[in-house]
$ cat data_25.txt   # compact mmCIF, C-alpha atoms
# COMPACT_ATOMS: atom_id res chain seq x y z
CA MET A 1 41.32 -4.37 134.16
CA LYS A 2 39.56 -1.33 132.74
CA ILE A 3 39.79 0.41 136.13
CA VAL A 4 43.53 -0.27 136.29
CA SER A 5 44.01 1.04 132.74
CA PHE A 6 42.04 4.16 133.58
CA CYS A 7 44.10 4.75 136.72
CA VAL A 8 47.34 4.36 134.74
CA LEU A 9 46.06 6.84 132.15
CA LEU A 10 45.02 9.29 134.88
CA LEU A 11 48.41 9.00 136.57
CA SER A 12 50.18 9.57 133.25
CA CYS A 13 48.11 12.71 132.65
CA PHE A 14 48.85 13.96 136.16
CA ILE A 15 52.61 13.42 135.71
CA ALA A 16 52.49 15.20 132.34
CA PHE A 17 50.58 18.11 133.91
CA GLN A 18 53.14 18.37 136.71
CA ALA A 19 56.01 18.47 134.24
CA GLU A 20 54.24 21.17 132.24
CA ALA A 21 53.49 23.18 135.37
CA GLN A 22 57.11 23.01 136.51
CA SER A 23 58.49 24.01 133.12
CA PRO A 24 56.55 27.03 131.78
CA GLU A 25 57.25 28.17 128.25
CA THR A 26 60.30 30.44 128.07
CA ILE A 27 60.42 33.09 125.36
CA VAL A 28 63.01 35.64 124.25
CA LEU A 29 62.42 39.34 124.91
CA ARG A 30 65.92 40.51 124.03
CA GLN A 31 68.78 38.74 122.23
CA GLY A 32 72.24 40.32 122.00
CA THR A 33 75.07 39.53 119.62
CA ASP A 34 77.32 38.73 122.63
CA GLU A 35 75.13 35.81 123.84
CA SER A 36 73.40 38.07 126.35
CA CYS A 37 69.61 37.83 126.52
CA VAL A 38 66.48 38.53 128.52
CA LEU A 39 64.00 35.67 128.78
CA SER A 40 60.45 35.70 130.08
CA GLN A 41 58.08 33.14 131.55
CA HIS A 42 54.33 33.80 131.68
CA GLY A 43 55.00 37.26 130.21
CA THR A 44 55.40 38.66 133.76
CA ASN A 45 58.61 37.04 135.11
CA PHE A 46 62.05 37.67 133.64
CA GLY A 47 65.56 36.18 133.59
CA PHE A 48 68.71 38.09 132.65
CA PHE A 49 71.74 36.31 131.14
CA MET A 50 75.14 37.84 130.28
CA PRO A 51 75.58 34.87 129.38
CA GLU A 52 76.08 34.08 133.09
CA THR A 53 72.91 34.38 135.17
CA GLY A 54 72.31 38.05 135.96
CA GLY A 55 69.24 37.39 138.08
CA TYR A 56 65.48 37.05 137.90
CA LEU A 57 62.60 39.49 138.26
CA PHE A 58 59.15 38.46 139.55
CA THR A 59 56.19 40.88 139.69
CA GLY A 60 53.12 40.83 141.93
CA VAL A 61 50.60 42.89 143.91
CA ILE A 62 49.68 43.22 147.58
CA ILE A 63 46.28 44.50 148.75
CA GLY A 64 45.90 44.49 152.52
CA GLU A 65 46.61 40.99 153.77
CA LYS A 66 46.18 39.35 150.35
CA SER A 67 48.50 39.12 147.37
CA PHE A 68 49.31 37.24 144.18
CA TRP A 69 52.15 36.98 141.70
CA LEU A 70 51.01 38.37 138.36
CA HIS A 71 51.50 35.01 136.65
CA GLU A 72 48.88 33.60 139.08
CA ALA A 73 46.19 36.14 138.11
CA GLU A 74 42.79 34.82 137.04
CA LYS A 75 43.18 36.37 133.59
CA ILE A 76 46.32 37.56 131.82
CA ARG A 77 45.98 39.11 128.39
CA VAL A 78 49.22 39.83 126.54
CA SER A 79 49.51 41.65 123.23
CA SER A 80 52.62 42.20 121.12
CA LYS A 81 53.69 45.82 121.25
CA ASN A 82 56.63 47.03 119.17
CA LYS A 83 59.72 45.23 120.56
CA GLY A 84 57.98 44.08 123.75
CA TRP A 85 54.47 43.41 124.96
CA LEU A 86 51.57 44.83 126.94
CA VAL A 87 50.20 42.74 129.82
CA LYS A 88 46.69 43.38 131.17
CA ILE A 89 45.80 41.71 134.48
CA THR A 90 42.34 41.12 135.91
CA ASP A 91 41.63 39.20 139.11
CA PRO A 92 38.91 39.08 141.80
CA LEU A 93 41.38 40.71 144.20
CA LEU A 94 41.48 43.74 141.88
CA GLY A 95 37.69 44.02 141.84
CA LYS A 96 36.75 45.92 138.68
CA GLY A 97 40.30 47.13 138.30
CA ILE A 98 42.74 46.40 135.47
CA LEU A 99 46.50 46.44 135.99
CA SER A 100 48.61 47.08 132.88
CA MET A 101 52.34 46.41 132.51
CA HIS A 102 54.14 47.48 129.32
CA VAL A 103 57.45 45.63 128.88
CA LEU A 104 60.27 46.81 126.62
CA PRO A 105 63.87 45.62 126.17
CA LEU A 106 66.64 48.20 126.44
CA SER A 107 68.80 49.02 123.42
CA ALA A 108 71.90 50.38 125.17
CA CYS A 109 72.43 47.45 127.53
CA ASN A 110 71.09 44.07 128.56
CA GLY A 111 67.96 44.84 130.54
CA ILE A 112 64.32 45.88 130.47
CA ILE A 113 62.11 48.81 131.36
CA LEU A 114 58.54 48.47 132.62
CA GLU A 115 55.71 51.00 132.60
CA VAL A 116 52.96 50.04 135.06
CA THR A 117 49.54 51.72 135.13
CA GLY A 118 46.10 50.88 136.41
CA LYS A 119 42.40 51.63 136.04
CA ASP A 120 39.87 51.41 138.89
CA LEU A 121 42.50 49.92 141.18
CA PRO A 122 41.64 49.15 144.82
CA GLU A 123 42.85 51.66 147.41
CA GLY A 124 46.21 50.85 148.90
CA LEU A 125 47.35 48.49 146.15
CA GLN A 126 51.10 47.86 146.32
CA PHE A 127 53.05 46.74 143.26
CA LEU A 128 55.78 44.36 144.42
CA TRP A 129 58.80 43.11 142.54
CA ALA A 130 61.32 40.53 143.65
CA TYR A 131 64.87 40.41 142.28
CA GLY A 132 67.72 37.97 142.88
CA GLY A 133 69.21 34.65 141.88
CA CYS A 134 72.41 36.03 140.31
CA SER A 135 75.27 33.59 139.77
CA SER A 136 78.26 32.90 137.53
CA LYS A 137 76.58 29.77 136.17
CA THR A 138 75.91 29.35 132.46
CA ASP A 139 74.22 25.92 132.34
CA THR A 140 70.90 25.61 130.55
CA THR A 141 68.87 24.77 133.67
CA GLU A 142 69.35 28.40 134.78
CA LYS A 143 67.14 29.37 131.84
CA ASP A 144 64.45 26.82 132.66
CA PHE A 145 63.87 27.21 136.40
CA PHE A 146 63.60 30.85 137.44
CA PHE A 147 64.44 32.22 140.89
CA GLN A 148 65.44 29.15 142.88
CA PRO A 149 66.76 29.67 146.47
CA GLN A 150 70.06 27.95 145.67
CA GLN A 151 70.72 30.60 143.01
CA CYS A 152 70.64 33.34 145.68
CA LEU A 153 73.27 32.01 148.08
CA ASN A 154 76.08 34.50 147.43
CA ASN A 155 74.23 37.64 146.32
CA VAL A 156 75.17 40.94 148.01
CA PHE A 157 72.82 43.93 147.71
CA SER A 158 73.53 47.63 148.13
CA ARG A 159 70.38 49.78 148.47
CA GLU A 160 69.85 53.53 148.17
CA ILE A 161 66.20 54.61 148.57
CA ASN A 162 64.77 53.76 145.10
CA THR A 163 67.84 52.10 143.53
CA PHE A 164 69.90 49.00 144.17
CA THR A 165 73.02 47.21 143.01
CA VAL A 166 73.60 43.47 143.36
CA TYR A 167 77.11 42.00 143.37
CA TYR A 168 77.75 38.37 142.49
CA GLY A 169 80.30 35.92 141.14
CA PRO A 170 83.93 35.17 142.17
CA SER A 171 85.44 37.81 144.49
CA MET A 172 88.16 38.76 142.01
CA ARG A 173 85.73 38.96 139.07
CA LEU A 174 82.59 40.45 140.59
CA LYS A 175 79.63 41.12 138.31
CA VAL A 176 76.91 43.71 138.95
CA MET A 177 73.29 44.33 138.01
CA MET A 178 71.37 47.55 138.68
CA GLY A 179 67.76 48.35 139.48
CA VAL A 180 65.76 51.60 139.57
CA GLY A 181 62.18 52.20 140.70
CA PRO A 182 59.84 55.09 141.62
CA LEU A 183 60.84 57.67 144.24
CA ASN A 184 58.25 56.26 146.68
CA LEU A 185 59.84 52.81 146.45
CA GLU A 186 60.51 50.87 149.66
CA THR A 187 63.10 48.10 149.51
CA ARG A 188 64.18 45.38 151.92
CA LEU A 189 66.13 42.15 151.91
CA SER A 190 63.89 39.10 152.00
CA ASP A 191 64.07 35.30 151.97
CA ALA A 192 64.05 33.58 148.58
CA ARG A 193 62.97 30.40 150.38
CA LYS A 194 59.64 32.06 151.23
CA MET A 195 58.14 33.10 147.92
CA SER A 196 54.78 31.35 148.10
CA SER A 197 53.18 34.78 147.65
CA PRO A 198 54.34 38.41 147.35
CA LEU A 199 53.11 39.12 150.89
CA ALA A 200 54.95 36.12 152.33
CA PHE A 201 58.11 37.24 150.54
CA TRP A 202 57.73 40.85 151.73
CA GLN A 203 57.27 39.74 155.35
CA SER A 204 59.87 36.95 155.29
CA GLY A 205 62.75 38.85 156.92
CA LYS A 206 66.41 39.02 155.98
CA LYS A 207 67.77 36.25 158.22
CA THR A 208 68.41 33.74 155.46
CA ASP A 209 71.22 32.17 153.46
CA ALA A 210 69.26 32.94 150.26
CA PRO A 211 68.78 36.74 150.23
CA ALA A 212 66.79 38.47 147.51
CA LEU A 213 65.50 42.00 147.13
CA ALA A 214 61.85 42.90 147.72
CA ALA A 215 60.66 46.30 146.49
CA THR A 216 57.20 47.82 146.67
CA ASN A 217 55.38 51.07 146.04
CA GLN A 218 51.76 52.15 146.02
CA LEU A 219 49.98 52.30 142.67
CA ARG A 220 47.07 54.67 142.10
CA SER A 221 44.66 54.59 139.18
CA GLY A 222 45.80 56.75 136.29
CA GLU A 223 49.38 57.15 137.50
CA ARG A 224 52.38 55.71 135.67
CA SER A 225 55.28 54.03 137.44
CA TYR A 226 58.53 52.93 135.81
CA TYR A 227 60.97 50.16 136.76
CA CYS A 228 64.29 49.27 135.18
CA ILE A 229 66.67 46.30 135.57
CA TYR A 230 69.93 46.51 133.60
CA ARG A 231 73.66 45.86 133.27
CA GLN A 232 75.41 49.21 133.53
CA ASN A 233 77.80 50.41 130.81
CA GLN A 234 79.06 53.72 129.37
CA GLN A 235 75.76 54.32 127.58
CA ALA A 236 73.51 53.06 130.37
CA ASP A 237 73.57 54.65 133.83
CA TYR A 238 70.04 55.56 134.85
CA ASN A 239 68.10 57.37 137.57
CA TYR A 240 64.33 57.48 137.95
CA GLU A 241 63.91 60.93 136.40
CA MET A 242 65.35 59.52 133.17
CA LEU A 243 63.04 56.49 132.93
CA PRO A 244 59.92 58.09 131.32
CA ALA A 245 62.04 59.51 128.49
CA ILE A 246 63.97 56.24 128.08
CA PHE A 247 60.68 54.33 127.89
CA LYS A 248 59.34 56.71 125.22
CA GLN A 249 62.62 56.45 123.30
CA GLU A 250 62.53 52.65 123.32
CA LEU A 251 58.85 52.67 122.38
CA THR A 252 59.41 54.80 119.29
CA LYS A 253 62.83 53.47 118.27
CA ASN A 254 63.00 51.44 115.08
CA ASN A 255 64.00 47.84 115.76
CA ASN A 256 67.01 48.23 113.44
CA ASP A 257 68.38 51.37 115.14
CA HIS A 258 70.89 49.45 117.26
CA GLU A 259 73.48 46.75 116.74
CA GLU A 260 71.84 44.07 118.86
CA ALA A 261 69.93 41.29 117.14
CA ARG A 262 66.28 42.26 116.91
CA PRO A 263 64.34 41.26 120.05
CA HIS A 264 61.40 39.02 119.34
CA THR A 265 58.67 36.96 120.94
CA SER A 266 56.82 33.85 119.87
CA PHE A 267 53.58 35.19 121.29
CA GLY A 268 52.03 36.36 118.04
CA PRO A 269 49.88 39.48 117.68
CA ASP A 270 47.49 38.65 120.52
CA PHE A 271 47.44 35.77 122.98
CA HIS A 272 46.22 34.61 126.37
CA PHE A 273 47.64 32.66 129.30
$ encode --input "data_25.txt" --output "structure tokens"
Amino acid sequence: MKIVSFCVLLLSCFIAFQAEAQSPETIVLRQGTDESCVLSQHGTNFGFFMPETGGYLFTGVIIGEKSFWLHEAEKIRVSSKNKGWLVKITDPLLGKGILSMHVLPLSACNGIILEVTGKDLPEGLQFLWAYGGCSSKTDTTEKDFFFQPQQCLNNVFSREINTFTVYYGPSMRLKVMMGVGPLNLETRLSDARKMSSPLAFWQSGKKTDAPALAATNQLRSGERSYYCIYRQNQQADYNYEMLPAIFKQELTKNNNDHEEARPHTSFGPDFHF
């Protein structure tokens, strides 16, 4: 009887763990007065809502024939920083290296800007980001389960060297999202059904009914790279040369300098995943 009770308890714990693993905590990075928002899971993955689903951004690294999504790193240290947060990644694959990603919401539009740097990084490290999953849906499950293949079925991407545009929604009411990365960025269409790792996603090929964008560039210790995902408007139309100044502007801007509701996180001053 005791063995049976123990097995039931163990099974209950396992089921609870599975539910927790499948539903990571979702926090708000940016909240607009028009119901638009940017949400984050793990501090390294992001969802954009307009309020319809404007897509998801995952971040990871590739070193040779090995890779990991940043949310899978052995240690993730996240500290509140102004309106956003600073993520520091350490992992055996990085050796003695530390990868840092500073995340800030944009004031002029619904979107984010990232500054990525590194110290003692391995040679040949590639920073990879995956983007896709745009739809006209507004149901709450879109904000719980990020980057599912079924969300990517009707996305159309236009690529130009280090920028991209994704079109989605009904043909007569198309929506768009924009992305900008470093000048040495390489982009390709990949399969959202093959996202077990950044390397698998990068090598997955474009023959799929669930297309998503894969983008990568080499990171070197001491260099700064910038990435931006946003909804374009009259005040927001960016190219890469503008990103360092935009990042500095957002970093120094007072939280009350714009009309949007103040972005916030529930992380606290210093926390760990």
$ residues_around --input "data_25.txt" --residues "stretch 165-176 of chain A" --least-positions-apart "3" --cutoff "10 Å" --atoms "all atoms listed in the file" --output "PyMOL selection string"
chain A and resi 50+52-55+131-137+152-160+179-180+212-213+229-232
$ closest_atom_pairs --input "data_25.txt" --of "stretch 107-209 of chain A" --to "stretch 81-102 of chain A" --cutoff "8 Å" --atoms "all atoms listed in the file" --output "JSON lines"
{"residue": "A:Leu114", "atom": "CA", "partner": "A:His102", "partner_atom": "CA", "distance": 5.6}
{"residue": "A:Glu115", "atom": "CA", "partner": "A:His102", "partner_atom": "CA", "distance": 5.1}
{"residue": "A:Val116", "atom": "CA", "partner": "A:Met101", "partner_atom": "CA", "distance": 4.5}
{"residue": "A:Thr117", "atom": "CA", "partner": "A:Ser100", "partner_atom": "CA", "distance": 5.2}
{"residue": "A:Gly118", "atom": "CA", "partner": "A:Leu99", "partner_atom": "CA", "distance": 4.5}
{"residue": "A:Lys119", "atom": "CA", "partner": "A:Ile98", "partner_atom": "CA", "distance": 5.3}
{"residue": "A:Asp120", "atom": "CA", "partner": "A:Gly97", "partner_atom": "CA", "distance": 4.3}
{"residue": "A:Leu121", "atom": "CA", "partner": "A:Gly97", "partner_atom": "CA", "distance": 4.6}
{"residue": "A:Pro122", "atom": "CA", "partner": "A:Leu94", "partner_atom": "CA", "distance": 6.2}
$ atom_distance --input "data_25.txt" --atom1 "atom CA of A:Glu65" --atom2 "atom CA of A:Gly47"
28.1 Å
$ closest_residue --input "data_25.txt" --among "A:Pro211, A:Gly181, A:Pro244, A:Gly43" --to "A:Ser79" --atoms "all atoms listed in the file"
A:Gly43
$ atom_distance --input "data_25.txt" --atom1 "atom CA of A:Ala245" --atom2 "atom CA of A:Met177"
21.2 Å
$ residues_near_point --input "data_25.txt" --point "(58.1, 42.1, 142.7)" --cutoff "12 Å" --atoms "only C-alpha atoms" --output "number ranges by chain"
A: 44-46, 56-62, 67-71, 114, 126-132, 147, 179, 181, 185-188, 190, 192, 195, 197-202, 212-217, 227, 229
$ closest_residue --input "data_25.txt" --among "A:Tyr238, A:Lys206, A:Gln218, A:Pro182" --to "A:Ile161" --atoms "all atoms listed in the file"
A:Pro182
$ atom_distance --input "data_25.txt" --atom1 "atom CA of A:Ser107" --atom2 "atom CA of A:Val78"
21.9 Å
$ closest_residue --input "data_25.txt" --among "A:His42, A:Cys228, A:Ile246, A:Asp34" --to "A:Ile113" --atoms "all atoms listed in the file"
A:Cys228
$ closest_residue --input "data_25.txt" --among "A:Ala210, A:Leu125, A:Leu243, A:Ile63" --to "A:Leu183" --atoms "only C-alpha atoms"
A:Leu243
